[in-house]
Structures are given as C-alpha cells and as structure tokens.
file input_16.cif (mmCIF, N, CA and C atoms)
data_query
#
loop_
_atom_site.label_atom_id
_atom_site.label_comp_id
_atom_site.auth_asym_id
_atom_site.auth_seq_id
_atom_site.Cartn_x
_atom_site.Cartn_y
_atom_site.Cartn_z
N MET H 1 -10.50 -15.55 11.04
CA MET H 1 -11.18 -14.28 11.21
C MET H 1 -10.73 -13.28 10.13
N LEU H 2 -9.44 -13.33 9.76
CA LEU H 2 -8.92 -12.43 8.74
C LEU H 2 -9.64 -12.62 7.41
N ASP H 3 -9.96 -13.87 7.09
CA ASP H 3 -10.60 -14.14 5.80
C ASP H 3 -11.96 -13.47 5.67
N LYS H 4 -12.61 -13.17 6.81
CA LYS H 4 -13.93 -12.53 6.77
C LYS H 4 -13.86 -11.05 6.40
N ILE H 5 -12.72 -10.42 6.67
CA ILE H 5 -12.63 -8.97 6.44
C ILE H 5 -11.60 -8.57 5.40
N ALA H 6 -10.81 -9.52 4.92
CA ALA H 6 -9.69 -9.21 4.02
C ALA H 6 -10.13 -8.50 2.75
N GLN H 7 -11.15 -9.01 2.08
CA GLN H 7 -11.56 -8.42 0.81
C GLN H 7 -12.08 -7.00 1.01
N LYS H 8 -12.85 -6.79 2.05
CA LYS H 8 -13.39 -5.46 2.30
C LYS H 8 -12.27 -4.46 2.59
N ILE H 9 -11.30 -4.85 3.39
CA ILE H 9 -10.18 -3.97 3.70
C ILE H 9 -9.38 -3.66 2.44
N ALA H 10 -9.06 -4.70 1.66
CA ALA H 10 -8.25 -4.51 0.46
C ALA H 10 -8.94 -3.59 -0.54
N SER H 11 -10.19 -3.84 -0.84
CA SER H 11 -10.85 -3.04 -1.88
C SER H 11 -11.15 -1.62 -1.39
N SER H 12 -11.64 -1.46 -0.17
CA SER H 12 -11.98 -0.11 0.29
C SER H 12 -10.74 0.75 0.50
N THR H 13 -9.66 0.15 1.02
CA THR H 13 -8.43 0.92 1.25
C THR H 13 -7.78 1.29 -0.07
N ALA H 14 -7.71 0.34 -1.00
CA ALA H 14 -7.10 0.62 -2.30
C ALA H 14 -7.84 1.74 -3.02
N GLU H 15 -9.16 1.75 -2.88
CA GLU H 15 -9.95 2.80 -3.50
C GLU H 15 -9.61 4.18 -2.92
N LEU H 16 -9.37 4.24 -1.62
CA LEU H 16 -9.05 5.51 -0.97
C LEU H 16 -7.66 6.02 -1.29
N ILE H 17 -6.67 5.12 -1.31
CA ILE H 17 -5.28 5.57 -1.48
C ILE H 17 -4.75 5.35 -2.89
N ASN H 18 -5.56 4.72 -3.74
CA ASN H 18 -5.20 4.49 -5.14
C ASN H 18 -3.89 3.69 -5.28
N ILE H 19 -3.77 2.65 -4.47
CA ILE H 19 -2.62 1.73 -4.52
C ILE H 19 -3.18 0.32 -4.47
N ASP H 20 -2.67 -0.56 -5.33
CA ASP H 20 -3.12 -1.95 -5.32
C ASP H 20 -2.66 -2.63 -4.03
N ILE H 21 -3.57 -3.40 -3.43
CA ILE H 21 -3.32 -4.06 -2.15
C ILE H 21 -3.76 -5.51 -2.25
N ILE H 22 -2.97 -6.39 -1.62
CA ILE H 22 -3.42 -7.76 -1.40
C ILE H 22 -3.26 -8.10 0.06
N ILE H 23 -4.09 -9.01 0.53
CA ILE H 23 -3.99 -9.55 1.89
C ILE H 23 -3.94 -11.06 1.75
N THR H 24 -2.97 -11.67 2.44
CA THR H 24 -2.82 -13.12 2.38
C THR H 24 -3.13 -13.75 3.73
N ASN H 25 -3.39 -15.05 3.69
CA ASN H 25 -3.52 -15.80 4.94
C ASN H 25 -2.15 -16.28 5.39
N GLU H 26 -2.11 -17.11 6.42
CA GLU H 26 -0.84 -17.58 6.99
C GLU H 26 -0.08 -18.52 6.06
N LYS H 27 -0.71 -18.95 4.96
CA LYS H 27 -0.04 -19.83 3.99
C LYS H 27 0.40 -19.06 2.75
N GLY H 28 0.24 -17.74 2.76
CA GLY H 28 0.65 -16.92 1.63
C GLY H 28 -0.35 -16.88 0.50
N ILE H 29 -1.55 -17.41 0.72
CA ILE H 29 -2.59 -17.42 -0.31
C ILE H 29 -3.37 -16.10 -0.22
N ILE H 30 -3.57 -15.46 -1.35
CA ILE H 30 -4.27 -14.18 -1.39
C ILE H 30 -5.76 -14.39 -1.09
N ILE H 31 -6.23 -13.72 -0.03
CA ILE H 31 -7.63 -13.85 0.40
C ILE H 31 -8.40 -12.54 0.23
N GLY H 32 -7.70 -11.47 -0.07
CA GLY H 32 -8.32 -10.18 -0.34
C GLY H 32 -7.44 -9.41 -1.29
N ALA H 33 -8.03 -8.77 -2.29
CA ALA H 33 -7.23 -8.05 -3.28
C ALA H 33 -8.02 -6.94 -3.95
N SER H 34 -7.34 -5.83 -4.20
CA SER H 34 -7.99 -4.76 -4.95
C SER H 34 -8.26 -5.22 -6.38
N ASP H 35 -7.48 -6.18 -6.87
CA ASP H 35 -7.73 -6.85 -8.15
C ASP H 35 -8.22 -8.25 -7.81
N PRO H 36 -9.54 -8.47 -7.75
CA PRO H 36 -10.09 -9.75 -7.29
C PRO H 36 -9.61 -10.97 -8.08
N SER H 37 -9.11 -10.77 -9.29
CA SER H 37 -8.62 -11.92 -10.07
C SER H 37 -7.39 -12.56 -9.43
N ARG H 38 -6.75 -11.87 -8.50
CA ARG H 38 -5.57 -12.41 -7.82
C ARG H 38 -5.92 -13.32 -6.64
N LYS H 39 -7.17 -13.27 -6.19
CA LYS H 39 -7.58 -14.09 -5.05
C LYS H 39 -7.36 -15.56 -5.33
N GLY H 40 -6.85 -16.26 -4.33
CA GLY H 40 -6.62 -17.70 -4.44
C GLY H 40 -5.23 -18.08 -4.90
N SER H 41 -4.45 -17.10 -5.37
CA SER H 41 -3.10 -17.43 -5.82
C SER H 41 -2.08 -17.22 -4.70
N LEU H 42 -0.94 -17.85 -4.87
CA LEU H 42 0.14 -17.77 -3.89
C LEU H 42 0.96 -16.51 -4.12
N HIS H 43 1.25 -15.80 -3.03
CA HIS H 43 2.14 -14.62 -3.07
C HIS H 43 3.43 -15.04 -2.38
N LYS H 44 4.43 -15.40 -3.16
CA LYS H 44 5.66 -15.98 -2.61
C LYS H 44 6.39 -15.10 -1.59
N PRO H 45 6.50 -13.78 -1.79
CA PRO H 45 7.17 -12.97 -0.76
C PRO H 45 6.51 -13.06 0.61
N SER H 46 5.21 -13.34 0.64
CA SER H 46 4.50 -13.45 1.92
C SER H 46 5.00 -14.62 2.76
N LEU H 47 5.45 -15.68 2.11
CA LEU H 47 5.92 -16.85 2.86
C LEU H 47 7.10 -16.50 3.76
N ASP H 48 8.07 -15.75 3.24
CA ASP H 48 9.22 -15.34 4.06
C ASP H 48 8.81 -14.37 5.15
N VAL H 49 7.90 -13.46 4.82
CA VAL H 49 7.45 -12.48 5.81
C VAL H 49 6.72 -13.19 6.96
N ILE H 50 5.90 -14.17 6.63
CA ILE H 50 5.18 -14.92 7.67
C ILE H 50 6.16 -15.72 8.52
N ARG H 51 7.15 -16.30 7.88
CA ARG H 51 8.13 -17.13 8.59
C ARG H 51 9.01 -16.27 9.51
N THR H 52 9.48 -15.11 9.02
CA THR H 52 10.45 -14.31 9.76
C THR H 52 9.85 -13.15 10.55
N GLY H 53 8.71 -12.64 10.09
CA GLY H 53 8.13 -11.46 10.72
C GLY H 53 8.79 -10.17 10.27
N ILE H 54 9.66 -10.25 9.28
CA ILE H 54 10.40 -9.09 8.80
C ILE H 54 9.76 -8.58 7.50
N ASN H 55 9.55 -7.27 7.43
CA ASN H 55 9.01 -6.65 6.22
C ASN H 55 9.88 -7.00 5.03
N SER H 56 9.25 -7.12 3.87
CA SER H 56 9.98 -7.45 2.65
C SER H 56 9.71 -6.39 1.60
N ILE H 57 10.77 -5.98 0.93
CA ILE H 57 10.65 -5.01 -0.15
C ILE H 57 10.96 -5.72 -1.45
N GLN H 58 10.07 -5.55 -2.42
CA GLN H 58 10.27 -6.13 -3.74
C GLN H 58 10.58 -4.99 -4.70
N GLU H 59 11.84 -4.91 -5.11
CA GLU H 59 12.26 -3.90 -6.07
C GLU H 59 11.87 -4.34 -7.47
N GLU H 60 11.76 -3.39 -8.37
CA GLU H 60 11.30 -3.69 -9.73
C GLU H 60 12.20 -4.71 -10.42
N ASN H 61 13.52 -4.59 -10.27
CA ASN H 61 14.42 -5.53 -10.95
C ASN H 61 14.29 -6.95 -10.41
N GLU H 62 13.88 -7.10 -9.15
CA GLU H 62 13.68 -8.44 -8.57
C GLU H 62 12.39 -9.08 -9.08
N THR H 63 11.38 -8.29 -9.28
CA THR H 63 10.07 -8.84 -9.63
C THR H 63 9.99 -9.32 -11.07
N LEU H 64 10.92 -8.90 -11.90
CA LEU H 64 10.93 -9.37 -13.29
C LEU H 64 11.10 -10.88 -13.36
N LEU H 65 11.75 -11.46 -12.36
CA LEU H 65 12.01 -12.89 -12.34
C LEU H 65 10.91 -13.69 -11.66
N LEU H 66 10.00 -13.03 -10.98
CA LEU H 66 8.96 -13.71 -10.21
C LEU H 66 7.60 -13.52 -10.86
N ASP H 67 6.97 -14.60 -11.19
CA ASP H 67 5.66 -14.56 -11.84
C ASP H 67 4.59 -14.05 -10.87
N GLY H 68 3.84 -13.05 -11.28
CA GLY H 68 2.73 -12.53 -10.49
C GLY H 68 3.13 -11.65 -9.33
N ILE H 69 4.41 -11.27 -9.25
CA ILE H 69 4.87 -10.42 -8.15
C ILE H 69 5.16 -9.03 -8.71
N ARG H 70 4.68 -8.03 -7.99
CA ARG H 70 4.86 -6.65 -8.42
C ARG H 70 5.82 -5.94 -7.46
N PRO H 71 6.46 -4.87 -7.90
CA PRO H 71 7.28 -4.09 -6.97
C PRO H 71 6.41 -3.56 -5.84
N GLY H 72 6.97 -3.50 -4.64
CA GLY H 72 6.21 -2.97 -3.51
C GLY H 72 6.76 -3.44 -2.19
N VAL H 73 5.89 -3.52 -1.21
CA VAL H 73 6.28 -3.90 0.15
C VAL H 73 5.29 -4.92 0.69
N THR H 74 5.81 -5.88 1.46
CA THR H 74 4.97 -6.89 2.10
C THR H 74 5.24 -6.84 3.60
N LEU H 75 4.17 -6.76 4.39
CA LEU H 75 4.27 -6.60 5.85
C LEU H 75 3.47 -7.70 6.55
N PRO H 76 3.96 -8.17 7.70
CA PRO H 76 3.20 -9.20 8.43
C PRO H 76 1.99 -8.62 9.14
N ILE H 77 0.93 -9.42 9.21
CA ILE H 77 -0.24 -9.08 10.04
C ILE H 77 -0.11 -9.94 11.29
N GLU H 78 -0.08 -9.28 12.44
CA GLU H 78 0.10 -10.00 13.70
C GLU H 78 -1.15 -9.83 14.56
N PHE H 79 -1.55 -10.94 15.15
CA PHE H 79 -2.74 -10.92 16.00
C PHE H 79 -2.56 -11.96 17.09
N ALA H 80 -2.78 -11.55 18.33
CA ALA H 80 -2.65 -12.43 19.49
C ALA H 80 -1.28 -13.12 19.52
N GLY H 81 -0.25 -12.35 19.18
CA GLY H 81 1.11 -12.88 19.26
C GLY H 81 1.51 -13.81 18.13
N LYS H 82 0.70 -13.91 17.09
CA LYS H 82 1.01 -14.79 15.96
C LYS H 82 0.93 -14.03 14.65
N ARG H 83 1.72 -14.47 13.69
CA ARG H 83 1.62 -13.93 12.35
C ARG H 83 0.55 -14.72 11.61
N ILE H 84 -0.51 -14.03 11.21
CA ILE H 84 -1.66 -14.71 10.62
C ILE H 84 -1.83 -14.42 9.13
N GLY H 85 -0.95 -13.60 8.57
CA GLY H 85 -1.04 -13.26 7.17
C GLY H 85 -0.16 -12.08 6.86
N THR H 86 -0.36 -11.51 5.67
CA THR H 86 0.42 -10.35 5.25
C THR H 86 -0.47 -9.36 4.51
N ILE H 87 0.08 -8.15 4.41
CA ILE H 87 -0.50 -7.11 3.56
C ILE H 87 0.61 -6.70 2.62
N ALA H 88 0.31 -6.64 1.34
CA ALA H 88 1.29 -6.19 0.36
C ALA H 88 0.70 -5.06 -0.46
N LEU H 89 1.50 -4.03 -0.66
CA LEU H 89 1.10 -2.88 -1.47
C LEU H 89 2.03 -2.78 -2.66
N ALA H 90 1.46 -2.56 -3.83
CA ALA H 90 2.25 -2.46 -5.05
C ALA H 90 2.64 -1.01 -5.31
N GLY H 91 3.86 -0.82 -5.77
CA GLY H 91 4.35 0.51 -6.11
C GLY H 91 5.79 0.67 -5.71
N MET H 92 6.30 1.87 -5.89
CA MET H 92 7.68 2.13 -5.48
C MET H 92 7.75 1.99 -3.96
N PRO H 93 8.61 1.10 -3.46
CA PRO H 93 8.67 0.88 -2.01
C PRO H 93 8.82 2.16 -1.19
N SER H 94 9.58 3.11 -1.68
CA SER H 94 9.76 4.36 -0.93
C SER H 94 8.47 5.15 -0.80
N LYS H 95 7.52 4.91 -1.70
CA LYS H 95 6.25 5.64 -1.66
C LYS H 95 5.13 4.86 -0.97
N VAL H 96 5.18 3.53 -0.99
CA VAL H 96 4.05 2.76 -0.46
C VAL H 96 4.28 2.19 0.94
N THR H 97 5.52 2.22 1.43
CA THR H 97 5.81 1.62 2.74
C THR H 97 5.02 2.29 3.86
N GLN H 98 4.95 3.61 3.88
CA GLN H 98 4.21 4.30 4.93
C GLN H 98 2.73 3.94 4.90
N PHE H 99 2.16 3.85 3.70
CA PHE H 99 0.77 3.43 3.57
C PHE H 99 0.61 2.00 4.07
N GLY H 100 1.58 1.16 3.75
CA GLY H 100 1.54 -0.24 4.19
C GLY H 100 1.52 -0.35 5.70
N LEU H 101 2.34 0.43 6.37
CA LEU H 101 2.35 0.41 7.84
C LEU H 101 1.01 0.84 8.41
N LEU H 102 0.40 1.83 7.78
CA LEU H 102 -0.91 2.30 8.22
C LEU H 102 -1.98 1.23 8.01
N VAL H 103 -1.99 0.60 6.84
CA VAL H 103 -2.98 -0.44 6.54
C VAL H 103 -2.79 -1.65 7.46
N LYS H 104 -1.54 -2.01 7.74
CA LYS H 104 -1.23 -3.11 8.66
C LYS H 104 -1.82 -2.82 10.04
N LYS H 105 -1.54 -1.65 10.57
CA LYS H 105 -2.04 -1.27 11.90
C LYS H 105 -3.56 -1.21 11.91
N HIS H 106 -4.14 -0.67 10.87
CA HIS H 106 -5.59 -0.58 10.75
C HIS H 106 -6.22 -1.98 10.77
N THR H 107 -5.64 -2.90 10.02
CA THR H 107 -6.14 -4.27 9.96
C THR H 107 -6.04 -4.95 11.32
N GLU H 108 -4.91 -4.78 11.98
CA GLU H 108 -4.73 -5.39 13.31
C GLU H 108 -5.72 -4.82 14.32
N LEU H 109 -6.01 -3.53 14.22
CA LEU H 109 -7.01 -2.92 15.11
C LEU H 109 -8.41 -3.44 14.83
N ILE H 110 -8.74 -3.59 13.56
CA ILE H 110 -10.06 -4.14 13.20
C ILE H 110 -10.20 -5.56 13.75
N LEU H 111 -9.15 -6.37 13.61
CA LEU H 111 -9.19 -7.74 14.13
C LEU H 111 -9.39 -7.75 15.64
N SER H 112 -8.68 -6.86 16.34
CA SER H 112 -8.83 -6.78 17.80
C SER H 112 -10.25 -6.38 18.19
N GLU H 113 -10.78 -5.37 17.51
CA GLU H 113 -12.14 -4.91 17.80
C GLU H 113 -13.16 -6.00 17.49
N LYS H 114 -12.96 -6.71 16.39
CA LYS H 114 -13.88 -7.79 16.03
C LYS H 114 -13.86 -8.89 17.09
N MET H 115 -12.68 -9.26 17.54
CA MET H 115 -12.55 -10.29 18.57
C MET H 115 -13.20 -9.83 19.87
N PHE H 116 -12.96 -8.57 20.24
CA PHE H 116 -13.54 -8.04 21.47
C PHE H 116 -15.06 -8.02 21.39
N SER H 117 -15.60 -7.56 20.26
CA SER H 117 -17.06 -7.48 20.16
C SER H 117 -17.70 -8.86 20.14
N GLU H 118 -17.06 -9.84 19.50
CA GLU H 118 -17.60 -11.19 19.49
C GLU H 118 -17.55 -11.81 20.89
N ALA H 119 -16.46 -11.57 21.62
CA ALA H 119 -16.34 -12.09 22.99
C ALA H 119 -17.39 -11.43 23.90
N PHE H 120 -17.58 -10.13 23.74
CA PHE H 120 -18.57 -9.42 24.53
C PHE H 120 -19.97 -9.95 24.24
N PHE H 121 -20.28 -10.17 22.97
CA PHE H 121 -21.58 -10.71 22.58
C PHE H 121 -21.82 -12.08 23.22
N LEU H 122 -20.79 -12.92 23.23
CA LEU H 122 -20.92 -14.25 23.85
C LEU H 122 -21.15 -14.14 25.35
N LEU H 123 -20.45 -13.23 26.00
CA LEU H 123 -20.66 -13.02 27.43
C LEU H 123 -22.08 -12.56 27.73
N VAL H 124 -22.59 -11.67 26.93
CA VAL H 124 -23.97 -11.20 27.12
C VAL H 124 -24.94 -12.35 26.95
N LEU H 125 -24.74 -13.18 25.93
CA LEU H 125 -25.61 -14.33 25.71
C LEU H 125 -25.55 -15.30 26.90
N LEU H 126 -24.36 -15.55 27.40
CA LEU H 126 -24.22 -16.45 28.55
C LEU H 126 -24.94 -15.87 29.77
N PHE H 127 -24.78 -14.57 29.98
CA PHE H 127 -25.43 -13.93 31.09
C PHE H 127 -26.95 -14.02 30.96
N LEU H 128 -27.46 -13.72 29.78
CA LEU H 128 -28.91 -13.76 29.57
C LEU H 128 -29.45 -15.17 29.72
N ASN H 129 -28.71 -16.16 29.30
CA ASN H 129 -29.14 -17.55 29.45
C ASN H 129 -29.12 -18.03 30.89
N SER H 130 -28.31 -17.37 31.71
CA SER H 130 -28.23 -17.79 33.11
C SER H 130 -29.34 -17.18 33.96
N LEU H 131 -30.08 -16.24 33.41
CA LEU H 131 -31.18 -15.60 34.17
C LEU H 131 -32.40 -16.48 34.27
#

call {"tool": "encode", "arguments": {"input": "input_16.cif", "output": "structure tokens"}}
result
Amino acid sequence: MLDKIAQKIASSTAELINIDIIITNEKGIIIGASDPSRKGSLHKPSLDVIRTGINSIQEENETLLLDGIRPGVTLPIEFAGKRIGTIALAGMPSKVTQFGLLVKKHTELILSEKMFSEAFFLLVLLFLNSL
C-alpha cells in the first residue's frame, strides 16, 4: 500500500518544506523521492531503522564514507504494528528531524485512512451484493 502513495507524499511534501525526502519500502529500496533519479536504489541507513525501529541520524562526516547517503534523519514508518518502510529527510539533523516526525505521522495517517476507506468500500459492495 505504501508504494502507491510514496512518490506523491515525497514530491508534494518536499515541495512544501523545501527539503529533499525519500521513502523506502521494508527492504530499504527507495520507492518515493523528491529526486526521482534515486528511486529503485538501496538506502542503507533504512535497513537498520527497519530492523530496530530506532530513528537514525546521518551526520555529514559519516556520509562522506557512504555512497548515495546524505546528511539527515531516517525514521521508521509503522503501520498495523509493523515497520513497513522509512522516511528520510536530507539536511542538518537538528533542522530536519522535526519535519521528519511530522512527515512520518502524516504518512502513517494517510495509510490508516486509505486502509479504512478501502475496507469501508468493500463492506458497502458486500452489502449491496447481498440485497
């Protein structure tokens, strides 16, 4: 379900807050990005975040050694009690962490609403078919 909305969330949110954003799936693969050329690549910090559920901060001196990794923060996306991906924001961690928490919560709410509306739609269809 995350893969259906990841690109829209990443591009529209990045446009509003002027911060580069990526969204990964549960395997750490980028499925949404404000820079679409990053889609399909592995975001290594996401693997630890998905495994542990603990936010990760990438300082500038650490990212010099990691190919394709920028300074910033990576946060888990949790849905139905499971970690299903991550959101990462590029920039000075002290400046982007609050935005990251907001985008994380926003994404989790969208997923919940999407699941609720799809379940409701199915119930209506079942009801109408039983008439």

call {"tool": "resolve_selection", "arguments": {"input": "input_16.cif", "expression": "the PyMOL selection byres (((chain H and resi 83-100 and name CA) around 8) and name CA)", "output": "ChimeraX atom specification"}}
result
/H:2,19-28,46,49-50,53,57-59,70-79,81-82,101-104

call {"tool": "atom_distance", "arguments": {"input": "input_16.cif", "atom1": "atom CA of Leu42 of chain H", "atom2": "atom N of Ile5 of chain H"}}
result
18.2 Å

call {"tool": "atom_distance", "arguments": {"input": "input_16.cif", "atom1": "atom C of Lys8 of chain H", "atom2": "atom CA of Gly32 of chain H"}}
result
7.5 Å

call {"tool": "atom_distance", "arguments": {"input": "input_16.cif", "atom1": "atom C of Ser112 of chain H", "atom2": "atom C of Lys4 of chain H"}}
result
13.2 Å

call {"tool": "select_by_dssp", "arguments": {"input": "input_16.cif", "residues": "chain H", "states": "strand (DSSP E)", "output": "MDAnalysis selection string"}}
result
chainID H and resid 21:24 30:33 56:58 72:79 82:90

call {"tool": "select_by_dssp", "arguments": {"input": "input_16.cif", "residues": "chain H", "states": "alpha helix (DSSP H)", "output": "PyMOL selection string"}}
result
chain H and resi 2-17+44-52+60-63+93-130

call {"tool": "closest_residue", "arguments": {"input": "input_16.cif", "among": "H:Leu126, H:Leu47, H:Met1, H:Leu131", "to": "Ile29 of chain H", "atoms": "only N, CA and C atoms"}}
result
H:Leu47
